[in-house]
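Asker: Just so it is clear, I am handing over protein28.cif, which has mmCIF, C-alpha atoms.
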```
data_run
#
loop_
_atom_site.label_atom_id
_atom_site.label_comp_id
_atom_site.auth_asym_id
_atom_site.auth_seq_id
_atom_site.Cartn_x
_atom_site.Cartn_y
_atom_site.Cartn_z
CA MET A 1 55.48 -38.80 41.66
CA ALA A 2 56.36 -40.04 38.19
CA GLU A 3 54.97 -43.45 39.12
CA GLU A 4 51.64 -41.94 40.18
CA GLU A 5 51.27 -40.15 36.84
CA GLY A 6 51.95 -43.40 34.98
CA VAL A 7 49.38 -45.33 36.99
CA GLY A 8 46.79 -42.59 36.61
CA GLY A 9 47.46 -42.42 32.88
CA GLU A 10 46.89 -46.16 32.49
CA GLN A 11 43.64 -46.01 34.46
CA GLN A 12 42.43 -43.12 32.35
CA ALA A 13 43.30 -44.88 29.12
CA ASN A 14 41.55 -48.08 30.23
CA GLY A 15 38.58 -46.13 31.61
CA ALA A 16 38.29 -44.14 28.37
CA ASP A 17 37.16 -47.31 26.62
CA ASN A 18 34.06 -47.35 28.81
CA GLN A 19 33.21 -43.66 28.45
CA PRO A 20 30.03 -42.77 26.55
CA GLN A 21 30.82 -41.75 22.99
CA ALA A 22 28.59 -40.20 20.37
CA GLY A 23 29.56 -39.27 16.86
CA ILE A 24 27.73 -38.20 13.75
CA ILE A 25 28.54 -40.41 10.78
CA SER A 26 26.50 -38.63 8.13
CA GLN A 27 23.68 -36.17 7.51
CA TYR A 28 21.39 -36.41 4.50
CA VAL A 29 18.12 -35.44 2.87
CA LYS A 30 15.88 -38.51 2.69
CA ASP A 31 12.95 -36.72 1.08
CA LEU A 32 12.26 -33.16 -0.08
CA SER A 33 9.11 -31.88 -1.71
CA PHE A 34 8.17 -28.31 -2.61
CA GLU A 35 4.78 -27.53 -4.09
CA ASN A 36 3.67 -24.21 -5.52
CA PRO A 37 0.15 -25.23 -6.64
CA ASN A 38 -1.15 -21.77 -7.48
CA ALA A 39 1.77 -20.42 -9.50
CA PRO A 40 1.90 -18.03 -11.24
CA ALA A 41 -1.21 -16.42 -9.71
CA VAL A 42 0.25 -16.70 -6.20
CA PHE A 43 2.78 -13.99 -7.03
CA GLN A 44 -0.06 -11.52 -7.62
CA TRP A 45 -1.81 -12.15 -4.30
CA GLN A 46 -2.02 -9.21 -1.92
CA SER A 47 -2.58 -11.04 1.37
CA GLN A 48 0.29 -12.23 3.53
CA PRO A 49 0.38 -16.04 3.90
CA GLN A 50 0.22 -17.65 7.33
CA THR A 51 2.52 -20.61 7.90
CA ASP A 52 1.68 -23.81 9.72
CA VAL A 53 4.87 -25.61 10.79
CA GLN A 54 4.88 -29.20 12.03
CA VAL A 55 8.08 -30.87 13.25
CA ASN A 56 8.34 -34.55 14.18
CA ILE A 57 11.29 -36.64 15.27
CA GLY A 58 11.78 -40.29 14.42
CA THR A 59 14.49 -42.75 15.33
CA ALA A 60 15.46 -46.15 14.02
CA MET A 61 18.26 -48.62 14.58
CA ALA A 62 20.52 -48.68 11.53
CA GLY A 63 23.01 -51.27 12.75
CA ASP A 64 25.12 -52.18 15.75
CA ASN A 65 25.47 -48.98 17.79
CA LEU A 66 24.11 -46.97 14.83
CA HIS A 67 20.97 -44.91 15.12
CA GLU A 68 19.20 -42.88 12.48
CA VAL A 69 17.48 -39.75 13.74
CA ALA A 70 15.14 -38.00 11.30
CA LEU A 71 13.48 -34.59 11.44
CA LYS A 72 10.26 -34.41 9.47
CA ILE A 73 9.34 -30.81 8.78
CA ASP A 74 6.01 -30.04 7.10
CA ILE A 75 5.14 -26.43 6.31
CA THR A 76 2.04 -25.09 4.62
CA ALA A 77 1.74 -21.39 3.79
CA THR A 78 -1.86 -20.37 3.27
CA ALA A 79 -3.25 -17.00 2.20
CA THR A 80 -6.89 -15.99 1.92
CA GLU A 81 -6.70 -16.82 -1.80
CA GLY A 82 -5.44 -20.37 -1.20
CA ILE A 83 -2.26 -22.34 -0.60
CA ALA A 84 0.83 -20.30 -1.42
CA PHE A 85 3.28 -23.19 -1.01
CA ARG A 86 3.87 -26.45 0.80
CA ILE A 87 7.24 -27.94 1.73
CA GLU A 88 7.99 -31.33 3.24
CA LEU A 89 11.51 -32.22 4.34
CA LEU A 90 12.76 -35.43 5.87
CA TYR A 91 16.30 -34.71 7.02
CA ALA A 92 18.26 -37.38 8.86
CA GLY A 93 21.53 -38.09 10.56
CA LEU A 94 23.32 -41.32 11.29
CA PHE A 95 24.77 -41.39 14.81
CA ALA A 96 27.25 -43.87 16.27
CA LEU A 97 26.67 -44.34 20.00
CA ASN A 98 28.96 -46.41 22.20
CA ASN A 99 28.68 -47.04 25.94
CA VAL A 100 25.69 -44.72 26.28
CA PRO A 101 23.67 -45.73 29.35
CA ALA A 102 20.14 -46.86 28.57
CA ASP A 103 18.64 -43.98 30.55
CA GLN A 104 20.58 -41.47 28.40
CA LEU A 105 19.82 -43.02 25.00
CA GLN A 106 16.35 -41.50 24.51
CA PRO A 107 17.39 -38.00 25.70
CA PHE A 108 20.24 -38.06 23.20
CA LEU A 109 18.19 -39.41 20.29
CA LEU A 110 15.13 -37.20 20.87
CA ALA A 111 16.75 -33.99 22.15
CA GLU A 112 20.46 -33.67 21.42
CA ALA A 113 20.59 -35.29 17.97
CA PRO A 114 17.67 -33.16 16.62
CA ARG A 115 19.39 -30.07 18.04
CA ILE A 116 22.47 -30.96 15.98
CA LEU A 117 20.46 -31.63 12.80
CA PHE A 118 18.04 -28.69 12.97
CA PRO A 119 20.28 -25.85 11.72
CA PHE A 120 21.03 -27.80 8.55
CA ALA A 121 17.37 -28.66 7.96
CA ARG A 122 16.46 -25.02 8.64
CA GLN A 123 18.89 -23.88 5.94
CA ILE A 124 17.48 -26.37 3.43
CA VAL A 125 13.92 -25.13 4.11
CA SER A 126 14.95 -21.49 3.75
CA GLN A 127 16.85 -22.06 0.53
CA THR A 128 14.13 -24.25 -1.02
CA VAL A 129 11.39 -21.72 -0.26
CA GLN A 130 13.52 -18.95 -1.76
CA GLU A 131 14.24 -21.01 -4.88
CA GLY A 132 10.47 -21.53 -5.16
CA GLY A 133 10.07 -17.79 -5.69
CA PHE A 134 9.20 -16.71 -2.15
CA PRO A 135 11.15 -14.79 0.48
CA PRO A 136 13.39 -17.10 2.56
CA LEU A 137 11.52 -18.74 5.43
CA LEU A 138 13.64 -18.80 8.58
CA LEU A 139 12.25 -21.25 11.10
CA GLU A 140 12.48 -20.21 14.73
CA PRO A 141 14.93 -22.21 16.85
CA ILE A 142 13.35 -25.15 18.63
CA ASP A 143 14.12 -26.18 22.21
CA PHE A 144 14.28 -29.93 21.61
CA HIS A 145 15.47 -30.59 25.16
CA GLY A 146 12.49 -28.70 26.62
CA LEU A 147 10.11 -30.56 24.32
CA PHE A 148 11.63 -33.88 25.34
CA LEU A 149 11.19 -33.03 29.03
CA GLN A 150 7.60 -31.93 28.39
CA ARG A 151 6.82 -35.14 26.52
CA ALA A 152 8.46 -37.22 29.26
CA ALA A 153 6.32 -35.47 31.89
CA GLN A 154 3.18 -36.08 29.85
CA GLY A 155 4.17 -39.73 29.44
CA GLU A 156 4.58 -40.16 33.19
CA ALA A 157 1.18 -38.57 33.81
CA GLY A 158 -0.49 -40.73 31.15
CA GLY A 159 1.42 -43.92 31.86
CA ASP A 160 3.20 -43.90 28.48
CA GLN A 161 6.90 -44.51 28.10
CA PRO A 162 8.63 -41.11 28.12
CA GLY A 163 10.39 -40.27 24.91
CA GLU A 164 9.32 -43.40 23.07
CA ALA A 165 10.88 -43.28 19.64
CA THR A 166 9.12 -43.88 16.38
CA GLY A 167 10.49 -44.74 12.99
CA LEU A 168 10.14 -42.50 9.96
CA ALA A 169 10.19 -43.77 6.41
#
```
Represent the structure from my file as C-alpha coordinates, please.
Answerer:
Amino acid sequence: MAEEEGVGGEQQANGADNQPQAGIISQYVKDLSFENPNAPAVFQWQSQPQTDVQVNIGTAMAGDNLHEVALKIDITATATEGIAFRIELLYAGLFALNNVPADQLQPFLLAEAPRILFPFARQIVSQTVQEGGFPPLLLEPIDFHGLFLQRAAQGEAGGDQPGEATGLA
(Lines of atoms letter the chains of each structure in order from A and count residues from 1; the text may use other names and numbers.)
(Lines give C-alpha, C1' and ligand atoms only; values in the text may rest on other atoms or scores of the structure.)
Protein backbone atom coordinates (compact mmCIF):
# COMPACT_ATOMS: atom_id res chain seq x y z
CA MET A 1 0.00 0.00 0.00
CA ALA A 2 2.89 2.34 0.75
CA GLU A 3 4.22 1.74 -2.75
CA GLU A 4 0.88 2.72 -4.31
CA GLU A 5 0.85 6.02 -2.41
CA GLY A 6 4.38 6.79 -3.60
CA VAL A 7 3.54 6.08 -7.22
CA GLY A 8 0.33 8.10 -7.03
CA GLY A 9 2.20 10.98 -5.41
CA GLU A 10 4.77 11.05 -8.20
CA GLN A 11 2.08 11.02 -10.87
CA GLN A 12 0.26 13.84 -9.15
CA ALA A 13 3.41 15.91 -8.82
CA ASN A 14 4.31 15.37 -12.49
CA GLY A 15 0.71 15.97 -13.60
CA ALA A 16 0.53 19.16 -11.54
CA ASP A 17 3.00 20.76 -13.94
CA ASN A 18 0.41 20.44 -16.71
CA GLN A 19 -2.56 21.71 -14.70
CA PRO A 20 -4.06 25.06 -15.73
CA GLN A 21 -2.83 27.84 -13.48
CA ALA A 22 -4.00 31.43 -13.22
CA GLY A 23 -2.62 34.07 -10.93
CA ILE A 24 -3.01 37.79 -10.57
CA ILE A 25 0.32 39.59 -10.66
CA SER A 26 -0.90 43.14 -10.10
CA GLN A 27 -3.92 45.44 -10.19
CA TYR A 28 -3.65 49.12 -11.05
CA VAL A 29 -5.38 52.29 -12.17
CA LYS A 30 -4.27 53.12 -15.71
CA ASP A 31 -6.43 56.22 -16.05
CA LEU A 32 -8.87 58.07 -13.80
CA SER A 33 -10.76 61.23 -14.62
CA PHE A 34 -13.46 62.99 -12.60
CA GLU A 35 -15.18 66.07 -13.97
CA ASN A 36 -17.55 68.33 -12.09
CA PRO A 37 -18.20 70.89 -14.86
CA ASN A 38 -21.03 72.77 -13.17
CA ALA A 39 -19.58 73.23 -9.70
CA PRO A 40 -20.48 75.00 -7.50
CA ALA A 41 -23.97 75.49 -8.98
CA VAL A 42 -24.52 71.72 -9.17
CA PHE A 43 -24.78 71.55 -5.38
CA GLN A 44 -27.82 73.84 -5.50
CA TRP A 45 -29.75 71.79 -8.06
CA GLN A 46 -33.03 70.29 -6.91
CA SER A 47 -33.44 67.51 -9.46
CA GLN A 48 -31.99 64.05 -8.92
CA PRO A 49 -29.35 63.13 -11.52
CA GLN A 50 -29.76 60.05 -13.69
CA THR A 51 -26.63 57.98 -14.28
CA ASP A 52 -25.56 56.38 -17.52
CA VAL A 53 -23.02 53.61 -16.86
CA GLN A 54 -20.95 52.02 -19.63
CA VAL A 55 -18.57 49.13 -18.91
CA ASN A 56 -16.17 47.67 -21.48
CA ILE A 57 -13.56 44.95 -21.18
CA GLY A 58 -10.28 44.90 -23.06
CA THR A 59 -7.46 42.41 -23.12
CA ALA A 60 -3.90 42.55 -24.38
CA MET A 61 -0.86 40.31 -24.29
CA ALA A 62 1.71 41.77 -21.91
CA GLY A 63 4.39 39.10 -22.30
CA ASP A 64 4.86 35.35 -22.33
CA ASN A 65 1.83 33.90 -20.52
CA LEU A 66 0.95 37.40 -19.25
CA HIS A 67 -2.35 39.03 -20.09
CA GLU A 68 -3.61 42.46 -19.18
CA VAL A 69 -7.35 42.71 -18.61
CA ALA A 70 -8.79 46.22 -18.33
CA LEU A 71 -12.21 47.42 -17.22
CA LYS A 72 -13.20 50.75 -18.73
CA ILE A 73 -15.99 52.32 -16.73
CA ASP A 74 -17.59 55.53 -18.01
CA ILE A 75 -20.32 57.17 -15.95
CA THR A 76 -22.21 60.36 -16.68
CA ALA A 77 -24.69 61.76 -14.16
CA THR A 78 -27.12 64.16 -15.79
CA ALA A 79 -29.84 66.25 -14.16
CA THR A 80 -32.38 68.47 -15.88
CA GLU A 81 -30.06 71.42 -15.25
CA GLY A 82 -27.08 69.76 -16.95
CA ILE A 83 -24.22 67.37 -16.28
CA ALA A 84 -23.69 66.82 -12.57
CA PHE A 85 -20.47 64.82 -12.96
CA ARG A 86 -18.58 62.51 -15.26
CA ILE A 87 -16.11 59.81 -14.22
CA GLU A 88 -13.92 57.65 -16.43
CA LEU A 89 -11.88 54.82 -14.94
CA LEU A 90 -9.55 52.42 -16.68
CA TYR A 91 -8.69 49.76 -14.11
CA ALA A 92 -6.51 46.83 -15.09
CA GLY A 93 -5.00 43.63 -13.82
CA LEU A 94 -2.02 41.64 -14.98
CA PHE A 95 -2.74 37.91 -15.04
CA ALA A 96 -0.26 35.05 -15.43
CA LEU A 97 -1.86 32.09 -17.22
CA ASN A 98 -0.10 28.77 -17.67
CA ASN A 99 -1.42 25.63 -19.35
CA VAL A 100 -4.84 27.17 -19.92
CA PRO A 101 -6.53 25.41 -22.86
CA ALA A 102 -7.24 27.69 -25.81
CA ASP A 103 -11.00 27.17 -25.46
CA GLN A 104 -10.84 28.40 -21.84
CA LEU A 105 -8.65 31.45 -22.43
CA GLN A 106 -11.38 33.83 -23.63
CA PRO A 107 -13.88 32.80 -20.91
CA PHE A 108 -11.23 33.50 -18.29
CA LEU A 109 -10.07 36.82 -19.77
CA LEU A 110 -13.56 38.17 -20.53
CA ALA A 111 -15.58 36.74 -17.64
CA GLU A 112 -13.52 35.55 -14.67
CA ALA A 113 -10.77 38.19 -14.69
CA PRO A 114 -13.27 41.12 -14.87
CA ARG A 115 -15.22 39.50 -12.02
CA ILE A 116 -12.04 39.58 -9.93
CA LEU A 117 -11.24 43.21 -10.84
CA PHE A 118 -14.73 44.70 -10.57
CA PRO A 119 -15.05 45.06 -6.77
CA PHE A 120 -11.85 47.10 -6.66
CA ALA A 121 -12.92 49.31 -9.57
CA ARG A 122 -16.34 49.72 -7.94
CA GLN A 123 -14.70 50.97 -4.75
CA ILE A 124 -12.55 53.46 -6.66
CA VAL A 125 -15.63 54.84 -8.45
CA SER A 126 -17.57 55.16 -5.20
CA GLN A 127 -14.74 56.88 -3.36
CA THR A 128 -13.92 59.24 -6.25
CA VAL A 129 -17.54 60.34 -6.64
CA GLN A 130 -17.76 60.95 -2.90
CA GLU A 131 -14.53 62.95 -2.90
CA GLY A 132 -16.04 65.01 -5.75
CA GLY A 133 -18.73 66.20 -3.34
CA PHE A 134 -21.52 63.78 -4.23
CA PRO A 135 -23.02 60.84 -2.35
CA PRO A 136 -21.07 57.60 -2.98
CA LEU A 137 -22.12 55.85 -6.17
CA LEU A 138 -22.33 52.09 -5.66
CA LEU A 139 -22.39 50.28 -8.98
CA GLU A 140 -24.61 47.22 -9.16
CA PRO A 141 -22.78 43.89 -9.43
CA ILE A 142 -22.27 42.74 -13.01
CA ASP A 143 -22.67 39.15 -14.19
CA PHE A 144 -19.61 39.03 -16.43
CA HIS A 145 -20.05 35.31 -17.08
CA GLY A 146 -23.63 35.83 -18.26
CA LEU A 147 -22.55 38.72 -20.48
CA PHE A 148 -19.77 36.60 -21.96
CA LEU A 149 -22.24 33.80 -22.75
CA GLN A 150 -24.67 36.30 -24.27
CA ARG A 151 -21.94 37.81 -26.43
CA ALA A 152 -20.76 34.35 -27.50
CA ALA A 153 -24.31 33.44 -28.52
CA GLN A 154 -24.65 36.66 -30.50
CA GLY A 155 -21.30 35.98 -32.16
CA GLU A 156 -22.41 32.51 -33.24
CA ALA A 157 -25.64 33.91 -34.67
CA GLY A 158 -23.80 36.71 -36.50
CA GLY A 159 -20.78 34.68 -37.55
CA ASP A 160 -18.37 36.67 -35.35
CA GLN A 161 -15.79 35.06 -33.13
CA PRO A 162 -17.34 34.67 -29.67
CA GLY A 163 -15.61 36.65 -26.99
CA GLU A 164 -13.11 38.30 -29.30
CA ALA A 165 -10.87 40.46 -27.17
CA THR A 166 -9.95 44.04 -27.84
CA GLY A 167 -7.12 46.12 -26.52
CA LEU A 168 -7.60 49.21 -24.40
CA ALA A 169 -5.11 52.03 -24.19
Asker: Which residues come within 7 Å of Ile57 in chain A, counting all atoms listed in the file, excluding same-chain residues fewer than 6 positions away, as a list of chain:residue names?
Answerer: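 What passes the distance filter is A:Ala70, A:Leu71, A:Lys72, A:Leu110.
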Asker: List as number ranges by chain the protein and nucleic acid residues near Leu109 in chain A, meaning an atom at most 7 Å away when all atoms listed in the file are counted, but skip any in the same chain fewer than 4 places from it.
Answerer: A: 69, 105, 113
Asker: What does the distance between CA of Phe34 in chain A and CA of Glu112 in chain A come to in Å, to one decimal place?
Answerer: 27.5 Å
Asker: Which residue gives the smallest distance to Gly93 in chain A among A:Phe148, A:Val55, A:Asn18, A:Lys30, with all atoms listed in the file counted?
Answerer: A:Lys30
Asker: For the atom pair CA of Gly58 in chain A and CA of Pro136 in chain A, what is the interatomic distance in Å to one decimal place?
Answerer: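 Here the two named atoms are 26.1 Å from each other.
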Asker: Residues at most 12 Å from Pro40 in chain A, counting all atoms listed in the file, excluding those fewer than 4 positions away in the same chain, as an mmCIF file with C-alpha atoms, keeping the file's coordinate frame?
Answerer:
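Full text of selection-v5.cif as output:
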```
data_model
loop_
_atom_site.group_PDB
_atom_site.id
_atom_site.type_symbol
_atom_site.label_atom_id
_atom_site.label_comp_id
_atom_site.auth_asym_id
_atom_site.auth_seq_id
_atom_site.Cartn_x
_atom_site.Cartn_y
_atom_site.Cartn_z
ATOM 1 C CA ASN A 36 3.670 -24.210 -5.520
ATOM 2 C CA GLN A 44 -0.060 -11.520 -7.620
ATOM 3 C CA TRP A 45 -1.810 -12.150 -4.300
ATOM 4 C CA ALA A 84 0.830 -20.300 -1.420
ATOM 5 C CA PHE A 85 3.280 -23.190 -1.010
ATOM 6 C CA GLY A 132 10.470 -21.530 -5.160
ATOM 7 C CA GLY A 133 10.070 -17.790 -5.690
ATOM 8 C CA PHE A 134 9.200 -16.710 -2.150
#
```
Asker: Work out how far apart CA of Leu117 in chain A and CA of Tyr91 in chain A are and give it in Å to one decimal.
Answerer: 7.8 Å
